[in-house]
Amino acid sequence: MPGRNLTRDEARERARILTVDAYDVDLDLRSAREPVGGGGQTGTFRSRTTVRFRCTEPGAATFLDLLAPAVHSVLLNGRKLDPAEVFDGARVSVQGLAEQNELVVDAECAYSRSGEGLHRFTDPVDGETYLYTQYEPADARRVFATFEQPDLKAPFTFTVTAPAHWEVLSNTAAQGDPEDAGDGLRTWRFPATQPISTYITAVVAGPYHVERDHYRRELPDGSVLEIPLGALCRRSLAEYFDADEIFTVTKQGLDFFHDEFDYPYPFGKYDQAFVPEYNIGAMENPGCVTFREEYVFRSRVTEASYESRATVILHEMAHMWFGDLVTMQWWDDLWLKESFADFMGTFALDEATRHRAGWTTFANRRKAWAYRQDQLPTTHPVTADIRDLEDAKLNFDGITYAKGAAVLKQLVAYAGRDAFFEGARRYFRRHAYGNTVLGDLLEVLAETSGRGSEAMAEWSRAWLQTAGVNTLTPQLTLDGQGRIAELAVLQQATEDHPELRPHRIAVGLYGRDAAGALVRTARAELDVTGGRTVVAELAGQPRPELVLLNDDDLTYCKVRFDEDSLATLRDGLGDITEPLARALAWSAVWNMTRDGALPARDYLRLVLRFAGQESDIGVLQSLHQQARSALDHYTAEAHREEAGRLLAEGALRELRAAPAGSDHQLAWARFLAQTAVAPEQLQLVRGLLDGTETVEGLEVDQELRWALWQSLAAAGEADEADLAAELRRDDTASGRRLQLHALASRPTAEAKAAAWHAVMDADDLPNALIEAQISGFQQAGTRELTAPYTERYFALLEDVWESRTIETAMRIVSGFFPRLLAGPATLADTDAWLAGHPDAAPALRRLVLESRDDLARAMRAQECDAAA
Ligand SMILES: [Zn+2]
């Protein structure tokens with residue numbers, strides 16, 4: 001569609017000549033009373049926008065963004081414009097602007113089923129309909145007419161008419177009680193927001209279950225800050241909703257951020273809504289944060305899930321200042337808010353909540369995301385070059401979030417914690433309600449860090465403006481007495497990204513204590529620069545069992561080991577007592593596996609041998625994921641079956657050994673469900689489901705039941721009738737999603753065809769159900785059944801990109817890529833498509849290039865494994 005993809009140049013031009021003074025947005029949601037119909041009938045609603053704006057060049061022309069099926073009328077400064085002339089489906093063009101302008105656009109907008117714009121969901125449990133908005137980066141234009149760019153901030157006044165029994169929320173608290181609007185409807189009026197960007201405006205509406213609490217704080221000037229708190233979920237989830245725990249973390253976060261930022265929360269109330277079929281983790285709409293409702297736990301989850309939810313709550317809260325109060329000018333600087341919020345989420349988790357393992361999780365899970373992304377051919381500097389909205393959409397990636405956060409962690413090591421927070425405080429005061437670019441952050445850091453502006457510019461160039469990850473390797477020379485003569489750190493870069501960087505790192509030496517545990521015997525902290533840096537401080541130390549570079553995880557790099565250290569890990573990785581050091585060792589051997597520097601079966605042996613000793617539940621769960629991935633993608637074909645059998649046997653052994661009722665027991669039960677292949681394992685799975693088998697302390701609740709069914713389905717031991725019966729037990733949104741996943745996992749050509757067609761032929765399937773079916777389709781044990789789809793996949797790519805919304809298209813393009821079929825034929829097909837489509841949308845090419853790289857990596861790793 002013309003004009004759908006707003007460019008940076010267009011946005012700059014609008015910002016040059018326009019200042020927006022106010023939006024009034026009136027939404028009539030009466031049509032949402034009806035349940036969502038099938039067959040693409042998601043329905044429409046009335047949306048009336050009045051926007052007042054100034055123009056520095058009277059007579060000039062501009063446009064508003066609006067993705068809507070129809071526009072009823074357009075009024076510019078009292079003058080009627082013909083919608084057929086000025087509206088093309090994506091933009092409302094206006095000419096002859098005055099100095100002061102008032103534009104009224106009365107439109108018919110469409111509800112969304114893809115989570116972009118105003119999403120509409122009907123609960124299968126009670127037939128109630130729930131709505132919420134999600135806009136970032138540019139979907140407010142699906143709900144009202146807007147200048148859809150972050151630097152045209154304005155106060156927004158929302159008015160919403162909806163069924164009388166609903167709750168309706170927005171960024172501000174509704175003014176008084178909603179008014180009766182007749183016909184079983186009421187009208188909610190929300191006072192103007194502070195000046196904010198369009199992408200963080202929000203409306204949440206439906207018969208939500210609401211819990212309330214309150215936060216109160218005395219400010220340094222003696223005044224009192226009161227923040228009403230709300231927490232919402234669907235009614236049918238209310239029995240599982242632990243709002244108390246959510247409020248506890250919320251208050252701890254508000255305390256922490258007020259202590260550190262010294263800028264009172266500027267947006268009044270703070271509601272947190274857990275919403276269905278949500279595409280992402282959460283969104284930082286000021287005063288009205290939305291979360292994926294999987295964070296309302298229907299069944300037992302491990303402590304890692306509570307930790308992850310708390311991190312997300314704190315990440316979004318950090319955005320109230322970094323992102324909402326001060327906002328990037330354009331999506332090039334998305335990292336300004338995301339890196340910061342990602343870093344602060346873990347920082348606040350560690351300092352302010354009961355969760356103690358935040359930095360271990362960060363080192364092990366979050367950084368794995370960054371390392372993967374940073375080695376793709378499409379990687380980019382943390383500060384990106386974002387030409388348009390499609391670029392922006394793909395930039396919510398492992399670089400912008402995880403690498404950026406890791407780089408800020410390195411900045412704190414480099415500049416000091418106090419300097420970092422003083423910099424943040426100045427940044428908020430200086431730029432409140434404004435927009436910023438990289439230079440604005442560097443300016444405050446140069447002031448507060450004492451490193452000076454030249455050093456900050458150099459640091460920024462090395463870390464923010466160049467791409468790629470460095471590899472650090474220890475080089476150890478011993479003297480005649482078996483002591484360290486010299487320990488050096490070698491730094492490498494890649495051909496594509498040759499930058500060597502200054503790293504502030506710690507180096508740990510480890511030895512065995514009397515009980516045989518691997519403990520740190522010496523530590524040095526130093527600046528590593530260039531290709532080789534000598535760690536002078538550690539000369540003369542006794543020969544260590546293990547040299548761990550980047551101990552304490554201060555910098556962002558890949559770490560390798562010397563031969564002796566690697567031998568120590570093979571025999572005793574689990575003997576490292578310090579959880580963070582152990583997590584770093586796990587992370588390093590995982591990176592080696594992915595790089596084809598350690599055979600996948602060696603990695604699986606490490607997991608089989610030491611995962612049972614892993615005390616950190618988050619690390620254990622990521623080991624399970626990585627083991628599954630090592631088996632599916634990196635193990636040589638000839639050894640895959642045997643390796644899979646050993647992994648499942650190990651899972652069963654550890655399940656039996658885990659303490660009754662522990663998180664570890666639950667994690668191993670889930671892992672067994674993912675790996676079971678042998679008859680006796682599948683028999684246990686079936687027995688757990690029908691109650692003929694038990695594992696002491698393990699409660700087989702609904703989510704675990706689905707995981708067990710999934711296991712049987714993938715093995716061809718659950719049919720449609722079995723899964724339909726389970727759905728009758730759990731006919732909920734989650735149940736329907738998990739049933740589709742299990743159905744698609746079955747090892748039959750019919751099951752694969754059904755999943756393929758369900759995704760490719762329907763255009764109103766929510767992304768949650770698309771993901772479920774793609775994931776079942778790509779069940780590793782059924783890979784040969786997916787081979788016939790490779791050709792169809794490549795033939796349909798451009799069609800999918802053109803015809804679906806970008807959120808859905810991204811899922812289909814990456815999801816259906818034949819990633820389980822790693823081999824020369826798939827690689828050749830991929831290369832042929834890339835060569836034949838040089839002009840395909842850059843964002844589409846990026847997704848295919850990334851999948852190609854994963855495939856080539858899998859082939860290298862399999863070769864390494866085959867040669868072992
Ligand atoms: Zn964020």
# chains A, B, ... in the order shown; residues from 1 in each chain; ligands from 1

$ residues_near_ligand --ligand "ligand 1" --cutoff "9 Å" --atoms "only C-alpha atoms and all ligand atoms" --output "PyMOL selection string"
chain A and resi 281-284+312+315-316+318-319+323+337-342+396+401

$ write_last_selection --atoms "all heavy atoms" --output "short mmCIF file (atom, residue, chain, number, x, y, z; two decimals), in the first residue's frame"
data_model
loop_
_atom_site.label_atom_id
_atom_site.label_comp_id
_atom_site.auth_asym_id
_atom_site.auth_seq_id
_atom_site.Cartn_x
_atom_site.Cartn_y
_atom_site.Cartn_z
N GLY A 281 6.49 -8.99 24.97
CA GLY A 281 6.48 -9.20 26.42
C GLY A 281 5.60 -8.18 27.12
O GLY A 281 4.72 -8.53 27.91
N ALA A 282 5.83 -6.90 26.80
CA ALA A 282 5.09 -5.84 27.47
C ALA A 282 5.35 -4.53 26.75
O ALA A 282 6.24 -4.43 25.91
CB ALA A 282 5.53 -5.72 28.93
N MET A 283 4.55 -3.51 27.08
CA MET A 283 4.70 -2.19 26.44
C MET A 283 4.52 -1.10 27.46
O MET A 283 3.57 -1.11 28.25
CB MET A 283 3.65 -2.07 25.32
CG MET A 283 3.74 -0.77 24.53
SD MET A 283 5.29 -0.66 23.58
CE MET A 283 5.53 1.11 23.59
N GLU A 284 5.41 -0.12 27.36
CA GLU A 284 5.55 0.89 28.41
C GLU A 284 4.61 2.08 28.28
O GLU A 284 5.00 3.20 28.59
CB GLU A 284 7.00 1.40 28.40
CG GLU A 284 7.39 2.23 27.16
CD GLU A 284 8.11 1.45 26.06
OE1 GLU A 284 7.90 0.22 25.98
OE2 GLU A 284 8.87 2.06 25.31
N VAL A 312 10.54 -7.87 33.69
CA VAL A 312 9.74 -7.15 32.69
C VAL A 312 9.00 -5.98 33.33
O VAL A 312 8.95 -4.87 32.79
CB VAL A 312 8.76 -8.11 31.98
CG1 VAL A 312 7.86 -7.34 31.03
CG2 VAL A 312 9.54 -9.18 31.20
N HIS A 315 11.59 -3.35 33.78
CA HIS A 315 12.00 -2.82 32.47
C HIS A 315 10.98 -1.76 32.00
O HIS A 315 11.36 -0.65 31.63
CB HIS A 315 12.07 -4.00 31.47
CG HIS A 315 12.29 -3.63 30.04
ND1 HIS A 315 13.35 -4.09 29.30
CD2 HIS A 315 11.55 -2.87 29.18
CE1 HIS A 315 13.27 -3.62 28.06
NE2 HIS A 315 12.18 -2.88 27.96
N GLU A 316 9.71 -2.11 32.07
CA GLU A 316 8.68 -1.16 31.60
C GLU A 316 8.66 0.08 32.48
O GLU A 316 8.46 1.19 32.01
CB GLU A 316 7.30 -1.83 31.58
CG GLU A 316 7.21 -3.09 30.71
CD GLU A 316 7.79 -2.95 29.32
OE1 GLU A 316 7.68 -1.85 28.74
OE2 GLU A 316 8.36 -3.93 28.81
N ALA A 318 11.16 1.42 34.09
CA ALA A 318 12.31 2.26 33.76
C ALA A 318 11.97 3.14 32.55
O ALA A 318 12.42 4.29 32.44
CB ALA A 318 13.53 1.40 33.46
N HIS A 319 11.15 2.61 31.65
CA HIS A 319 10.76 3.38 30.45
C HIS A 319 9.94 4.62 30.79
O HIS A 319 9.84 5.54 29.97
CB HIS A 319 9.89 2.52 29.54
CG HIS A 319 10.64 1.67 28.57
ND1 HIS A 319 11.68 2.15 27.82
CD2 HIS A 319 10.48 0.37 28.21
CE1 HIS A 319 12.13 1.17 27.04
NE2 HIS A 319 11.43 0.08 27.25
N GLY A 323 12.36 6.90 27.77
CA GLY A 323 11.49 6.45 26.69
C GLY A 323 10.22 7.27 26.65
O GLY A 323 9.84 7.80 25.62
N LYS A 337 16.33 4.02 24.57
CA LYS A 337 15.39 3.61 25.61
C LYS A 337 15.46 2.12 25.89
O LYS A 337 15.37 1.71 27.04
CB LYS A 337 13.96 4.05 25.26
CG LYS A 337 13.27 3.26 24.15
CD LYS A 337 11.85 3.80 23.93
CE LYS A 337 11.08 3.09 22.85
NZ LYS A 337 10.60 1.75 23.18
N GLU A 338 15.63 1.28 24.86
CA GLU A 338 15.55 -0.16 25.09
C GLU A 338 16.78 -0.72 25.81
O GLU A 338 16.66 -1.55 26.71
CB GLU A 338 15.31 -0.91 23.79
CG GLU A 338 13.92 -0.70 23.21
CD GLU A 338 12.78 -0.91 24.20
OE1 GLU A 338 12.97 -1.61 25.22
OE2 GLU A 338 11.70 -0.37 23.97
N SER A 339 17.95 -0.28 25.41
CA SER A 339 19.15 -0.77 26.09
C SER A 339 19.10 -0.36 27.56
O SER A 339 19.41 -1.14 28.45
CB SER A 339 20.41 -0.18 25.46
OG SER A 339 20.43 -0.45 24.08
N PHE A 340 18.69 0.87 27.75
CA PHE A 340 18.65 1.40 29.10
C PHE A 340 17.63 0.65 29.95
O PHE A 340 17.92 0.22 31.07
CB PHE A 340 18.32 2.89 29.06
CG PHE A 340 18.43 3.55 30.39
CD1 PHE A 340 19.64 4.09 30.81
CD2 PHE A 340 17.34 3.64 31.24
CE1 PHE A 340 19.75 4.69 32.05
CE2 PHE A 340 17.44 4.24 32.47
CZ PHE A 340 18.65 4.77 32.88
N ALA A 341 16.43 0.46 29.42
CA ALA A 341 15.39 -0.23 30.19
C ALA A 341 15.78 -1.68 30.44
O ALA A 341 15.53 -2.23 31.52
CB ALA A 341 14.05 -0.16 29.44
N ASP A 342 16.41 -2.30 29.46
CA ASP A 342 16.82 -3.69 29.63
C ASP A 342 17.87 -3.81 30.73
O ASP A 342 17.81 -4.70 31.57
CB ASP A 342 17.39 -4.20 28.30
CG ASP A 342 16.91 -5.61 28.02
OD1 ASP A 342 15.70 -5.84 28.14
OD2 ASP A 342 17.75 -6.47 27.69
N PHE A 396 13.76 -4.29 16.76
CA PHE A 396 13.49 -4.69 18.15
C PHE A 396 14.19 -6.04 18.33
O PHE A 396 13.56 -7.08 18.44
CB PHE A 396 11.98 -4.78 18.39
CG PHE A 396 11.33 -3.43 18.37
CD1 PHE A 396 11.02 -2.80 17.18
CD2 PHE A 396 11.07 -2.75 19.55
CE1 PHE A 396 10.45 -1.54 17.14
CE2 PHE A 396 10.49 -1.49 19.54
CZ PHE A 396 10.18 -0.89 18.33
N TYR A 401 18.29 -4.49 22.33
CA TYR A 401 17.97 -4.78 23.73
C TYR A 401 19.19 -5.33 24.48
O TYR A 401 19.75 -4.69 25.34
CB TYR A 401 16.83 -5.80 23.82
CG TYR A 401 15.48 -5.22 23.51
CD1 TYR A 401 15.13 -4.86 22.21
CD2 TYR A 401 14.53 -5.02 24.51
CE1 TYR A 401 13.89 -4.33 21.92
CE2 TYR A 401 13.29 -4.49 24.23
CZ TYR A 401 12.97 -4.14 22.92
OH TYR A 401 11.74 -3.61 22.65
#

$ select_by_dssp --residues "region 2-31 of chain A" --states "strand (DSSP E)" --output "JSON, numbers by chain"
{"A": [18, 19, 20, 21, 22, 23, 24, 25, 26, 27, 28]}

$ residues_around --residues "Gln100 (chain A)" --least-positions-apart "6" --cutoff "12 Å" --atoms "only C-alpha atoms" --output "short mmCIF file (atom, residue, chain, number, x, y, z; two decimals) with C-alpha atoms, in the first residue's frame"
data_model
loop_
_atom_site.label_atom_id
_atom_site.label_comp_id
_atom_site.auth_asym_id
_atom_site.auth_seq_id
_atom_site.Cartn_x
_atom_site.Cartn_y
_atom_site.Cartn_z
CA ILE A 17 7.53 22.53 9.78
CA LEU A 18 4.99 21.28 12.36
CA THR A 19 4.35 21.56 16.07
CA VAL A 20 1.43 19.56 17.40
CA ASP A 21 -0.53 21.22 20.20
CA ALA A 22 -3.22 18.66 21.02
CA VAL A 51 -5.73 17.52 15.93
CA ARG A 52 -4.56 21.08 16.46
CA PHE A 53 -1.14 21.95 15.10
CA ARG A 54 0.98 24.86 14.00
CA CYS A 55 2.92 25.19 10.77
CA THR A 56 5.99 27.42 10.33
CA GLU A 57 5.48 27.57 6.56
CA PRO A 58 1.89 28.65 5.91
CA GLY A 59 0.64 27.34 2.58
CA LEU A 76 -9.41 21.31 7.70
CA ASN A 77 -9.83 24.67 9.42
#

$ closest_residue --among "A:Lys393, A:His258, A:Arg857, A:Lys403" --to "Ala348 (chain A)" --atoms "only C-alpha atoms"
A:His258

$ closest_residue --among "A:Ala522, A:Ala758, A:Met320, A:Val547" --to "Ala772 (chain A)" --atoms "only C-alpha atoms"
A:Ala758

$ select_by_dssp --residues "region 563-672 of chain A" --states "alpha helix (DSSP H)" --output "ChimeraX atom specification"
/A:563-572,579-594,600-610,617-629,637-657,663-672

$ atom_distance --atom1 "CA of Gly776 (chain A)" --atom2 "CA of Arg792 (chain A)"
18.1 Å

$ residues_around --residues "region 289-301 of chain A" --least-positions-apart "5" --cutoff "9 Å" --atoms "only C-alpha atoms" --output "ChimeraX atom specification"
/A:132-134,171,202,204,233-234,237-242,270-284,306,308-309,312-313,316-317,663,666-667,699,701-704,734

$ write_last_selection --atoms "N, CA and C atoms" --output "CSV table (one decimal), in the first residue's frame"
chain,number,residue,atom,x,y,z
A,132,TYR,N,-7.5,-4.2,23.6
A,132,TYR,CA,-6.4,-3.4,24.1
A,132,TYR,C,-5.7,-2.9,22.8
A,133,THR,N,-4.9,-1.8,23.0
A,133,THR,CA,-4.1,-1.3,21.9
A,133,THR,C,-2.7,-1.6,22.1
A,134,GLN,N,-2.0,-1.7,20.9
A,134,GLN,CA,-0.5,-1.9,20.9
A,134,GLN,C,-0.1,-1.2,19.7
A,171,ASN,N,-4.2,6.3,29.3
A,171,ASN,CA,-3.0,6.7,30.0
A,171,ASN,C,-3.2,7.5,31.3
A,202,ALA,N,-2.6,4.7,24.8
A,202,ALA,CA,-3.2,3.4,25.0
A,202,ALA,C,-4.6,3.4,25.4
A,204,VAL,N,-7.3,0.3,27.0
A,204,VAL,CA,-7.6,-1.0,27.3
A,204,VAL,C,-9.1,-1.1,27.7
A,233,CYS,N,-6.6,-8.4,34.6
A,233,CYS,CA,-6.5,-9.5,33.7
A,233,CYS,C,-7.9,-9.9,33.3
A,234,ARG,N,-8.0,-10.8,32.4
A,234,ARG,CA,-9.4,-11.3,32.0
A,234,ARG,C,-10.1,-11.9,33.2
A,237,LEU,N,-9.3,-15.5,34.1
A,237,LEU,CA,-7.9,-15.8,34.7
A,237,LEU,C,-7.8,-15.3,36.1
A,238,ALA,N,-8.9,-14.6,36.6
A,238,ALA,CA,-8.8,-13.9,37.9
A,238,ALA,C,-8.4,-14.9,39.1
A,239,GLU,N,-8.9,-16.2,39.0
A,239,GLU,CA,-8.6,-17.1,40.1
A,239,GLU,C,-7.0,-17.4,40.2
A,240,TYR,N,-6.3,-17.1,39.1
A,240,TYR,CA,-4.9,-17.4,39.1
A,240,TYR,C,-4.0,-16.1,39.3
A,241,PHE,N,-4.7,-15.0,39.4
A,241,PHE,CA,-4.0,-13.7,39.4
A,241,PHE,C,-3.4,-13.3,40.7
A,242,ASP,N,-2.1,-13.3,40.8
A,242,ASP,CA,-1.4,-13.0,42.1
A,242,ASP,C,-1.0,-11.5,42.1
A,270,TYR,N,-0.7,4.3,37.8
A,270,TYR,CA,0.1,3.3,37.2
A,270,TYR,C,-0.7,2.0,37.1
A,271,ASP,N,-1.3,1.7,36.0
A,271,ASP,CA,-2.0,0.5,35.8
A,271,ASP,C,-1.2,-0.5,35.0
A,272,GLN,N,-1.3,-1.8,35.3
A,272,GLN,CA,-0.6,-2.8,34.5
A,272,GLN,C,-1.7,-3.9,34.1
A,273,ALA,N,-1.9,-4.0,32.8
A,273,ALA,CA,-2.9,-4.9,32.3
A,273,ALA,C,-2.3,-6.1,31.6
A,274,PHE,N,-2.7,-7.3,31.9
A,274,PHE,CA,-2.2,-8.5,31.3
A,274,PHE,C,-3.3,-8.9,30.3
A,275,VAL,N,-2.9,-8.9,29.0
A,275,VAL,CA,-3.8,-9.0,27.9
A,275,VAL,C,-3.6,-10.2,27.0
A,276,PRO,N,-4.7,-10.6,26.4
A,276,PRO,CA,-4.6,-11.9,25.6
A,276,PRO,C,-4.0,-11.7,24.2
A,277,GLU,N,-3.4,-12.8,23.7
A,277,GLU,CA,-2.8,-12.8,22.3
A,277,GLU,C,-1.9,-11.6,22.0
A,278,TYR,N,-1.0,-11.4,23.0
A,278,TYR,CA,-0.1,-10.2,22.9
A,278,TYR,C,1.2,-10.7,22.2
A,279,ASN,N,1.6,-9.8,21.3
A,279,ASN,CA,2.8,-10.2,20.4
A,279,ASN,C,4.1,-10.2,21.1
A,280,ILE,N,4.2,-9.3,22.1
A,280,ILE,CA,5.5,-9.1,22.7
A,280,ILE,C,5.4,-9.3,24.2
A,281,GLY,N,6.5,-9.0,25.0
A,281,GLY,CA,6.5,-9.2,26.4
A,281,GLY,C,5.6,-8.2,27.1
A,282,ALA,N,5.8,-6.9,26.8
A,282,ALA,CA,5.1,-5.8,27.5
A,282,ALA,C,5.3,-4.5,26.8
A,283,MET,N,4.6,-3.5,27.1
A,283,MET,CA,4.7,-2.2,26.4
A,283,MET,C,4.5,-1.1,27.5
A,284,GLU,N,5.4,-0.1,27.4
A,284,GLU,CA,5.6,0.9,28.4
A,284,GLU,C,4.6,2.1,28.3
A,306,TYR,N,8.9,-16.2,37.8
A,306,TYR,CA,8.6,-15.1,38.6
A,306,TYR,C,9.7,-14.0,38.4
A,308,SER,N,11.5,-13.6,35.8
A,308,SER,CA,11.4,-13.0,34.4
A,308,SER,C,10.3,-12.0,34.4
A,309,ARG,N,9.1,-12.3,35.1
A,309,ARG,CA,8.0,-11.3,35.1
A,309,ARG,C,8.5,-10.1,35.9
A,312,VAL,N,10.5,-7.9,33.7
A,312,VAL,CA,9.7,-7.2,32.7
A,312,VAL,C,9.0,-6.0,33.3
A,313,ILE,N,8.4,-6.2,34.5
A,313,ILE,CA,7.7,-5.1,35.2
A,313,ILE,C,8.7,-3.9,35.4
A,316,GLU,N,9.7,-2.1,32.1
A,316,GLU,CA,8.7,-1.2,31.6
A,316,GLU,C,8.7,0.1,32.5
A,317,MET,N,8.8,-0.1,33.8
A,317,MET,CA,8.8,1.0,34.7
A,317,MET,C,10.0,2.0,34.4
A,663,ASP,N,11.3,-26.9,42.1
A,663,ASP,CA,11.4,-26.3,40.7
A,663,ASP,C,12.2,-27.2,39.8
A,666,LEU,N,10.1,-30.0,38.4
A,666,LEU,CA,9.2,-29.5,37.4
A,666,LEU,C,10.0,-29.3,36.1
A,667,ALA,N,11.1,-28.7,36.2
A,667,ALA,CA,11.9,-28.4,34.9
A,667,ALA,C,12.3,-29.7,34.2
A,699,GLU,N,3.2,-32.4,40.8
A,699,GLU,CA,1.7,-32.2,40.5
A,699,GLU,C,1.5,-32.1,39.0
A,701,ASP,N,-0.4,-30.6,36.7
A,701,ASP,CA,-1.4,-29.6,36.5
A,701,ASP,C,-1.7,-29.4,35.0
A,702,GLN,N,-2.5,-28.4,34.7
A,702,GLN,CA,-3.0,-28.3,33.3
A,702,GLN,C,-1.9,-28.0,32.3
A,703,GLU,N,-1.0,-27.1,32.6
A,703,GLU,CA,0.1,-26.8,31.6
A,703,GLU,C,1.0,-28.0,31.4
A,704,LEU,N,1.3,-28.7,32.5
A,704,LEU,CA,2.1,-29.9,32.4
A,704,LEU,C,1.4,-31.0,31.6
A,734,SER,N,-5.7,-20.6,26.3
A,734,SER,CA,-4.4,-21.4,26.3
A,734,SER,C,-4.6,-22.8,25.8

$ residues_around --residues "Leu336 (chain A)" --least-positions-apart "2" --cutoff "9 Å" --atoms "only C-alpha atoms" --output "MDAnalysis selection string"
chainID A and resid 322:323 327:328 333:334 338:341 383 400 404 436:438 441

$ atom_distance --atom1 "CA of Leu27 (chain A)" --atom2 "CA of Leu97 (chain A)"
26.2 Å

$ residues_around --residues "Leu408 (chain A)" --least-positions-apart "3" --cutoff "10 Å" --atoms "only C-alpha atoms" --output "PyMOL selection string"
chain A and resi 339-340+342-344+402-405+411-415+420+463-464+554-556

$ write_last_selection --atoms "N, CA, C and O atoms" --output "short mmCIF file (atom, residue, chain, number, x, y, z; two decimals), in the first residue's frame"
data_model
loop_
_atom_site.label_atom_id
_atom_site.label_comp_id
_atom_site.auth_asym_id
_atom_site.auth_seq_id
_atom_site.Cartn_x
_atom_site.Cartn_y
_atom_site.Cartn_z
N SER A 339 17.95 -0.28 25.41
CA SER A 339 19.15 -0.77 26.09
C SER A 339 19.10 -0.36 27.56
O SER A 339 19.41 -1.14 28.45
N PHE A 340 18.69 0.87 27.75
CA PHE A 340 18.65 1.40 29.10
C PHE A 340 17.63 0.65 29.95
O PHE A 340 17.92 0.22 31.07
N ASP A 342 16.41 -2.30 29.46
CA ASP A 342 16.82 -3.69 29.63
C ASP A 342 17.87 -3.81 30.73
O ASP A 342 17.81 -4.70 31.57
N PHE A 343 18.82 -2.89 30.71
CA PHE A 343 19.84 -2.89 31.75
C PHE A 343 19.23 -2.59 33.12
O PHE A 343 19.47 -3.28 34.11
N MET A 344 18.37 -1.55 33.17
CA MET A 344 17.79 -1.15 34.45
C MET A 344 16.87 -2.23 35.00
O MET A 344 16.72 -2.37 36.21
N ALA A 402 19.57 -6.56 24.12
CA ALA A 402 20.51 -7.29 24.98
C ALA A 402 21.95 -6.80 24.84
O ALA A 402 22.65 -6.61 25.83
N LYS A 403 22.39 -6.57 23.59
CA LYS A 403 23.75 -6.07 23.46
C LYS A 403 23.84 -4.66 24.05
O LYS A 403 24.78 -4.33 24.76
N GLY A 404 22.85 -3.84 23.74
CA GLY A 404 22.86 -2.49 24.27
C GLY A 404 22.93 -2.49 25.80
O GLY A 404 23.67 -1.72 26.40
N ALA A 405 22.16 -3.38 26.41
CA ALA A 405 22.17 -3.46 27.88
C ALA A 405 23.52 -3.94 28.38
O ALA A 405 24.05 -3.44 29.38
N LEU A 411 29.65 0.07 30.44
CA LEU A 411 29.81 1.50 30.70
C LEU A 411 29.86 1.79 32.20
O LEU A 411 30.66 2.62 32.65
N VAL A 412 29.02 1.10 32.96
CA VAL A 412 29.03 1.30 34.41
C VAL A 412 30.38 0.85 34.98
O VAL A 412 30.94 1.49 35.87
N ALA A 413 30.95 -0.24 34.43
CA ALA A 413 32.28 -0.68 34.86
C ALA A 413 33.34 0.35 34.47
O ALA A 413 34.32 0.57 35.18
N TYR A 414 33.13 1.00 33.33
CA TYR A 414 34.11 1.94 32.77
C TYR A 414 34.03 3.32 33.43
O TYR A 414 35.04 3.92 33.77
N ALA A 415 32.79 3.79 33.62
CA ALA A 415 32.61 5.17 34.11
C ALA A 415 32.27 5.22 35.60
O ALA A 415 32.41 6.25 36.22
N PHE A 420 27.18 7.13 36.23
CA PHE A 420 26.12 6.67 35.35
C PHE A 420 24.76 7.23 35.80
O PHE A 420 23.99 7.78 35.02
N TRP A 463 31.78 1.03 20.97
CA TRP A 463 30.73 0.15 21.50
C TRP A 463 29.36 0.36 20.88
O TRP A 463 28.58 -0.58 20.80
N LEU A 464 29.07 1.58 20.49
CA LEU A 464 27.71 1.85 20.01
C LEU A 464 27.65 2.01 18.50
O LEU A 464 26.61 1.79 17.90
N LEU A 554 31.68 -8.43 33.28
CA LEU A 554 31.66 -6.96 33.15
C LEU A 554 31.53 -6.52 31.70
O LEU A 554 30.90 -5.51 31.41
N THR A 555 32.17 -7.24 30.78
CA THR A 555 32.14 -6.76 29.39
C THR A 555 31.29 -7.66 28.52
O THR A 555 30.71 -8.66 28.99
N TYR A 556 31.22 -7.29 27.27
CA TYR A 556 30.45 -8.02 26.27
C TYR A 556 31.45 -8.64 25.30
O TYR A 556 32.11 -7.92 24.55
#

$ atom_distance --atom1 "CA of Arg501 (chain A)" --atom2 "CA of Ala462 (chain A)"
5.8 Å

$ residues_around --residues "Leu67 (chain A)" --least-positions-apart "6" --cutoff "9 Å" --atoms "only C-alpha atoms" --output "ChimeraX atom specification"
/A:4,89-91,109-110,139-145

$ closest_residue --among "A:Glu307, A:Glu179, A:Glu693, A:Asp562" --to "Leu490 (chain A)" --atoms "only C-alpha atoms"
A:Asp562

$ closest_residue --among "A:Asp730, A:Glu545, A:Glu642, A:Asp151" --to "Glu13 (chain A)" --atoms "only C-alpha atoms"
A:Asp151

$ closest_residue --among "A:Glu863, A:Tyr510, A:Arg543, A:His431" --to "Glu486 (chain A)" --atoms "only C-alpha atoms"
A:Arg543

$ closest_residue --among "A:Leu389, A:Leu606, A:Thr494, A:Tyr634" --to "Ile806 (chain A)" --atoms "only C-alpha atoms"
A:Leu389
